[in-house]
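Q: I have a structure I would like to understand better, so I am pasting it below and will then ask my questions one at a time.
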Amino acid sequence: MSSTELPYVSATNVLPKVTPVRVAEGERLRSVGLPGITLTVRSRPPVREGLPPALYVHGLGGSSQNWSALMPLNDELVDSEALDLPGFGDSPPPDDGDYSVTGHARAVIRYLDASGRGPVHLFGNSLGGAVSTRVAAVRPDLVRTLTLVSPALPEIRVQRNAVPTGLLALPGVARLFTRLTKDWSAEQRVRGVTALCYGDPGQVTPEGFRNAVEEMERRLQLPYFWDAMARSARGIVNAYTLGGQHGLWRQAERVLAPTLLVYGGRDQLVAFRMAQRASRAFRDSRLLTLPDAGHVAMMEYPEVVASAFRELLEDAGELAADAGTVAARTVGSRADAANAGS
């Protein structure tokens, strides 16, 4: 290991006392210990017995909180849980330091196997989209449907604004960036992330911004924060270079589950042009394009995404029998979703 390489930090040595993670109304958190990993799971009590399970997987630098706007809109359809991937949110680092896409996918699979909740309606955003694609390809028995929001699938010509994330994967860059930005406030960091991830940063409410700043302040206290970011970024870059049966596009072609693809026209991290390639790669796919959305459509337009998910269930014959008689808890209608995607 070079002198500029970040040393791996064991989870057993890096559990400082920090501000508790925010829990939205109706949510609850629990910690699940599994071989080699401990995962924090965010969930909502099901509105009735018998709803099929859903699992949500966040992107690089995110957490299960990224799904808090969408999950309640799906309350009538599914029994929702969202994971904090190892090293993110409130989950400590994995014991083996494996932050590769395969390592994160293994964590999701371990959780689903241990919980017995599979098959689930699986959601993934960005890095979580790549992870969810791999899970659906290698363990089709665990996935009922797949919903991918701006999945981080390999691009030959990456977005210009995605280059810094790729550079973060290089040895020493995370440490250098930490030094260069040591005087940045949490507010400055959140404004930068919001400008990068939202199609219209003005959509973030004052309360939402305050919550994001509070979470940023909490994360910056974690000594493994930049390690998890750098190693996960390296995992994405490495996944982009894999060919053959382990390549993400090849695995996308192997996915059997009905798939909803959501792409934003103002996404600065995943190119909008990749939507058409993805719709061809996933054999049973539906495409929702949102011209004004950025990288996190489930946070920007949760009602439209929820409406599209409901249509996915209807088309796939996965809608619970009694759910069909309940009005969808979304503001958007099918016409709204169709217009947004035009």
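Please note that chains go A, B, ... in the order of the structure tokens, that every chain numbers its residues from 1, and that ligands are numbered from 1 in the order shown.
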Please return, as a PyMOL selection string, all residues of range 79-138 of chain A that DSSP assigns to strand (DSSP E) on the basis of the backbone.

A: chain A and resi 79-84+120-125

Q: Go ahead and write the selection's residues with N, CA, C and O atoms as a PDB file, in the first residue's frame.

A:
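Listed below is the output, out.pdb:
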ATOM      1  N   ASP A  79     -44.644  -3.070   1.990  1.00  0.00           N
ATOM      2  CA  ASP A  79     -44.093  -2.969   3.335  1.00  0.00           C
ATOM      3  C   ASP A  79     -42.636  -2.526   3.176  1.00  0.00           C
ATOM      4  O   ASP A  79     -41.778  -3.310   2.777  1.00  0.00           O
ATOM      5  N   SER A  80     -42.350  -1.249   3.465  1.00  0.00           N
ATOM      6  CA  SER A  80     -41.084  -0.631   3.069  1.00  0.00           C
ATOM      7  C   SER A  80     -39.988  -0.707   4.123  1.00  0.00           C
ATOM      8  O   SER A  80     -40.227  -0.442   5.309  1.00  0.00           O
ATOM      9  N   GLU A  81     -38.785  -1.033   3.668  1.00  0.00           N
ATOM     10  CA  GLU A  81     -37.562  -0.926   4.457  1.00  0.00           C
ATOM     11  C   GLU A  81     -36.466  -0.323   3.576  1.00  0.00           C
ATOM     12  O   GLU A  81     -36.420  -0.590   2.375  1.00  0.00           O
ATOM     13  N   ALA A  82     -35.595   0.478   4.188  1.00  0.00           N
ATOM     14  CA  ALA A  82     -34.453   1.057   3.476  1.00  0.00           C
ATOM     15  C   ALA A  82     -33.193   0.789   4.276  1.00  0.00           C
ATOM     16  O   ALA A  82     -33.181   0.933   5.506  1.00  0.00           O
ATOM     17  N   LEU A  83     -32.135   0.404   3.591  1.00  0.00           N
ATOM     18  CA  LEU A  83     -30.859   0.089   4.231  1.00  0.00           C
ATOM     19  C   LEU A  83     -29.925   1.286   4.245  1.00  0.00           C
ATOM     20  O   LEU A  83     -29.917   2.098   3.318  1.00  0.00           O
ATOM     21  N   ASP A  84     -29.110   1.385   5.293  1.00  0.00           N
ATOM     22  CA  ASP A  84     -27.879   2.164   5.238  1.00  0.00           C
ATOM     23  C   ASP A  84     -26.781   1.183   4.849  1.00  0.00           C
ATOM     24  O   ASP A  84     -26.490   0.232   5.597  1.00  0.00           O
ATOM     25  N   VAL A 120     -38.330  -9.289  -2.894  1.00  0.00           N
ATOM     26  CA  VAL A 120     -38.771  -7.930  -2.579  1.00  0.00           C
ATOM     27  C   VAL A 120     -38.909  -7.107  -3.853  1.00  0.00           C
ATOM     28  O   VAL A 120     -38.366  -7.450  -4.897  1.00  0.00           O
ATOM     29  N   HIS A 121     -39.643  -6.017  -3.723  1.00  0.00           N
ATOM     30  CA  HIS A 121     -39.609  -4.971  -4.734  1.00  0.00           C
ATOM     31  C   HIS A 121     -38.384  -4.132  -4.405  1.00  0.00           C
ATOM     32  O   HIS A 121     -38.354  -3.434  -3.386  1.00  0.00           O
ATOM     33  N   LEU A 122     -37.367  -4.216  -5.247  1.00  0.00           N
ATOM     34  CA  LEU A 122     -36.066  -3.626  -4.958  1.00  0.00           C
ATOM     35  C   LEU A 122     -35.913  -2.285  -5.665  1.00  0.00           C
ATOM     36  O   LEU A 122     -36.135  -2.182  -6.875  1.00  0.00           O
ATOM     37  N   PHE A 123     -35.512  -1.271  -4.896  1.00  0.00           N
ATOM     38  CA  PHE A 123     -35.272   0.077  -5.415  1.00  0.00           C
ATOM     39  C   PHE A 123     -33.792   0.406  -5.257  1.00  0.00           C
ATOM     40  O   PHE A 123     -33.186   0.077  -4.235  1.00  0.00           O
ATOM     41  N   GLY A 124     -33.211   1.117  -6.225  1.00  0.00           N
ATOM     42  CA  GLY A 124     -31.829   1.559  -6.094  1.00  0.00           C
ATOM     43  C   GLY A 124     -31.609   2.886  -6.800  1.00  0.00           C
ATOM     44  O   GLY A 124     -32.170   3.114  -7.876  1.00  0.00           O
ATOM     45  N   ASN A 125     -30.801   3.747  -6.190  1.00  0.00           N
ATOM     46  CA  ASN A 125     -30.447   5.033  -6.784  1.00  0.00           C
ATOM     47  C   ASN A 125     -28.939   5.128  -6.930  1.00  0.00           C
ATOM     48  O   ASN A 125     -28.205   4.812  -5.994  1.00  0.00           O
TER      49      ASN A 125
END

Q: Please list as a list in words every residue within 7 Å of Ala137 in chain A, counting only C-alpha atoms and excluding residues in the same chain fewer than 3 positions away.

A: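 Within the cut-off, the hits are Thr133, Arg134, Pro140, Gln251, Ala252, Arg254 and Val255 of chain A.
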
Q: Using only C-alpha atoms, which of the listed residues (A:Leu70, A:Leu146, A:Leu319, A:Leu196) sits closest to Ser132 in chain A?

A: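 Closest to Ser132 in chain A, using only C-alpha atoms: A:Leu146.
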
Q: Determine, counting only C-alpha atoms, which protein, DNA and RNA residues have an atom within 8 Å of an atom of Gly62 in chain A; residues of the same chain fewer than 4 positions away are not included. Present the result as a compact mmCIF listing (two decimals) with N, CA and C atoms, in the first residue's frame.

A:
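In the end it all went to out20.txt:
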# COMPACT_ATOMS: atom_id res chain seq x y z
N HIS A 58 -29.67 3.21 -1.24
CA HIS A 58 -29.24 4.58 -1.57
C HIS A 58 -27.95 4.61 -2.39
N ASN A 66 -32.59 9.11 2.13
CA ASN A 66 -32.88 9.53 0.77
C ASN A 66 -34.23 9.00 0.25
N PHE A 88 -22.12 3.91 5.62
CA PHE A 88 -22.95 5.07 5.30
C PHE A 88 -24.12 5.17 6.28
N GLY A 89 -24.71 6.37 6.34
CA GLY A 89 -25.82 6.56 7.26
C GLY A 89 -25.40 6.22 8.68

Q: With only C-alpha atoms as the counted atoms, please give the residues lying no more than 8 Å from Ala275 in chain A, apart from itself and same-chain residues fewer than 4 positions off, as a VMD selection string.

A: chain A and resid 261 to 263 271 279 287 289

Q: Can you spit out the residues from that selection as a PDB file, in the first residue's frame, using N, CA, C and O atoms?

A:
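The new file selection-v2.pdb reads:
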ATOM      1  N   LEU A 261     -37.229   2.130 -15.017  1.00  0.00           N
ATOM      2  CA  LEU A 261     -36.042   2.962 -15.119  1.00  0.00           C
ATOM      3  C   LEU A 261     -36.458   4.421 -15.050  1.00  0.00           C
ATOM      4  O   LEU A 261     -37.349   4.852 -15.784  1.00  0.00           O
ATOM      5  N   VAL A 262     -35.821   5.186 -14.173  1.00  0.00           N
ATOM      6  CA  VAL A 262     -36.151   6.597 -13.987  1.00  0.00           C
ATOM      7  C   VAL A 262     -34.895   7.430 -14.239  1.00  0.00           C
ATOM      8  O   VAL A 262     -33.874   7.246 -13.565  1.00  0.00           O
ATOM      9  N   TYR A 263     -34.971   8.346 -15.204  1.00  0.00           N
ATOM     10  CA  TYR A 263     -33.833   9.188 -15.550  1.00  0.00           C
ATOM     11  C   TYR A 263     -34.254  10.654 -15.550  1.00  0.00           C
ATOM     12  O   TYR A 263     -35.351  10.994 -15.994  1.00  0.00           O
ATOM     13  N   ALA A 271     -25.605  10.415 -17.290  1.00  0.00           N
ATOM     14  CA  ALA A 271     -26.057  11.060 -18.520  1.00  0.00           C
ATOM     15  C   ALA A 271     -27.472  10.631 -18.896  1.00  0.00           C
ATOM     16  O   ALA A 271     -27.809   9.440 -18.863  1.00  0.00           O
ATOM     17  N   SER A 279     -32.922   1.051 -21.307  1.00  0.00           N
ATOM     18  CA  SER A 279     -34.222   0.475 -21.667  1.00  0.00           C
ATOM     19  C   SER A 279     -34.065  -0.690 -22.637  1.00  0.00           C
ATOM     20  O   SER A 279     -34.907  -1.598 -22.674  1.00  0.00           O
ATOM     21  N   LEU A 287     -39.699   2.886 -19.045  1.00  0.00           N
ATOM     22  CA  LEU A 287     -38.839   4.049 -18.888  1.00  0.00           C
ATOM     23  C   LEU A 287     -39.657   5.275 -18.513  1.00  0.00           C
ATOM     24  O   LEU A 287     -40.619   5.622 -19.197  1.00  0.00           O
ATOM     25  N   THR A 289     -38.949   9.231 -17.981  1.00  0.00           N
ATOM     26  CA  THR A 289     -37.989  10.322 -18.093  1.00  0.00           C
ATOM     27  C   THR A 289     -38.609  11.592 -17.530  1.00  0.00           C
ATOM     28  O   THR A 289     -39.754  11.929 -17.857  1.00  0.00           O
TER      29      THR A 289
END

Q: Please determine, counting only C-alpha atoms, which residue among A:Ile236, A:Leu313, A:Pro52, A:Gly61 has the shortest atom-to-atom distance to Val131 in chain A.

A: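 Selected residue with least distance to Val131 in chain A: A:Ile236.
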
Q: Would you please work out which residue, of A:Leu29, A:Leu39, A:Leu60, A:Val23, is nearest to Met229 in chain A when using only C-alpha atoms?

A: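 Using only C-alpha atoms, Met229 in chain A sits closest to A:Leu60.
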
Q: Show me, as number ranges by chain, the residues that have an atom within 10 Å of Leu220 in chain A when counting only C-alpha atoms, minus same-chain residues fewer than 5 positions from it.

A: A: 18, 186, 215, 225-226

Q: I need the residues from that last selection saved to file as a PDB file, in the first residue's frame (with N, CA and C atoms), if you can.

A:
ATOM      1  N   VAL A  18     -21.996  10.406  18.343  1.00  0.00           N
ATOM      2  CA  VAL A  18     -22.369  11.510  17.468  1.00  0.00           C
ATOM      3  C   VAL A  18     -23.867  11.762  17.621  1.00  0.00           C
ATOM      4  N   ALA A 186     -20.597  22.950   7.064  1.00  0.00           N
ATOM      5  CA  ALA A 186     -21.566  21.945   6.644  1.00  0.00           C
ATOM      6  C   ALA A 186     -22.570  22.550   5.664  1.00  0.00           C
ATOM      7  N   GLU A 215     -27.384  16.414   9.220  1.00  0.00           N
ATOM      8  CA  GLU A 215     -26.832  15.108   8.879  1.00  0.00           C
ATOM      9  C   GLU A 215     -25.382  15.225   8.409  1.00  0.00           C
ATOM     10  N   PHE A 225     -15.725   8.415   7.481  1.00  0.00           N
ATOM     11  CA  PHE A 225     -16.591   8.997   6.449  1.00  0.00           C
ATOM     12  C   PHE A 225     -15.892   9.051   5.093  1.00  0.00           C
ATOM     13  N   TRP A 226     -14.710   9.677   5.035  1.00  0.00           N
ATOM     14  CA  TRP A 226     -14.029   9.825   3.751  1.00  0.00           C
ATOM     15  C   TRP A 226     -13.482   8.501   3.242  1.00  0.00           C
TER      16      TRP A 226
END

Q: Please indicate the distance in Å from CA of Phe309 in chain A to CA of His104 in chain A, rounded to one decimal place.

A: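 Those two atoms sit 24.1 Å apart.
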
Q: Any chance you could list, as an MDAnalysis selection string, the residues in range 90-237 of chain A that come up helix (DSSP H, G or I) when DSSP is run on the backbone?

A: chainID A and resid 101:115 127:138 140:142 160:168 173:180 186:197 201:203 206:220 225:237

Q: Using Å and a single decimal, report how far CA of Val108 in chain A sits from CA of Pro92 in chain A.

A: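 It comes out at 14.7 Å.
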
Q: Find, counting only C-alpha atoms, the residue in A:Gly235, A:Gly103, A:Gly26, A:Gly128 that gets nearest to Gly59 in chain A.

A: A:Gly128

Q: Extract, using only C-alpha atoms, all DNA, RNA and protein residues at most 8 Å from range 238-240 of chain A, discarding same-chain residues fewer than 3 positions from it, and format them as a list in words.

A: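 Residues meeting the cut-off are Ser100, Val101, Leu153, Pro154, Glu155, Arg234, Gly235, Gly247 and Leu248 of chain A.
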
Q: Figure out the distance between CA of Gly264 in chain A and CA of Gly129 in chain A, please, to one decimal in Å.

A: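 Answer for the CA of Gly129 in chain A to CA of Gly264 in chain A separation: 14.2 Å.
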
Q: Determine the nearest neighbour of Glu187 in chain A from the options A:Leu288, A:Val213, A:Val204, A:Ala107, counting only C-alpha atoms.

A: A:Val213

Q: So, with only C-alpha atoms as the atoms that count, which of A:Glu76, A:Met274, A:Pro258, A:Ser31 lies closest to Thr147 in chain A?

A: A:Pro258
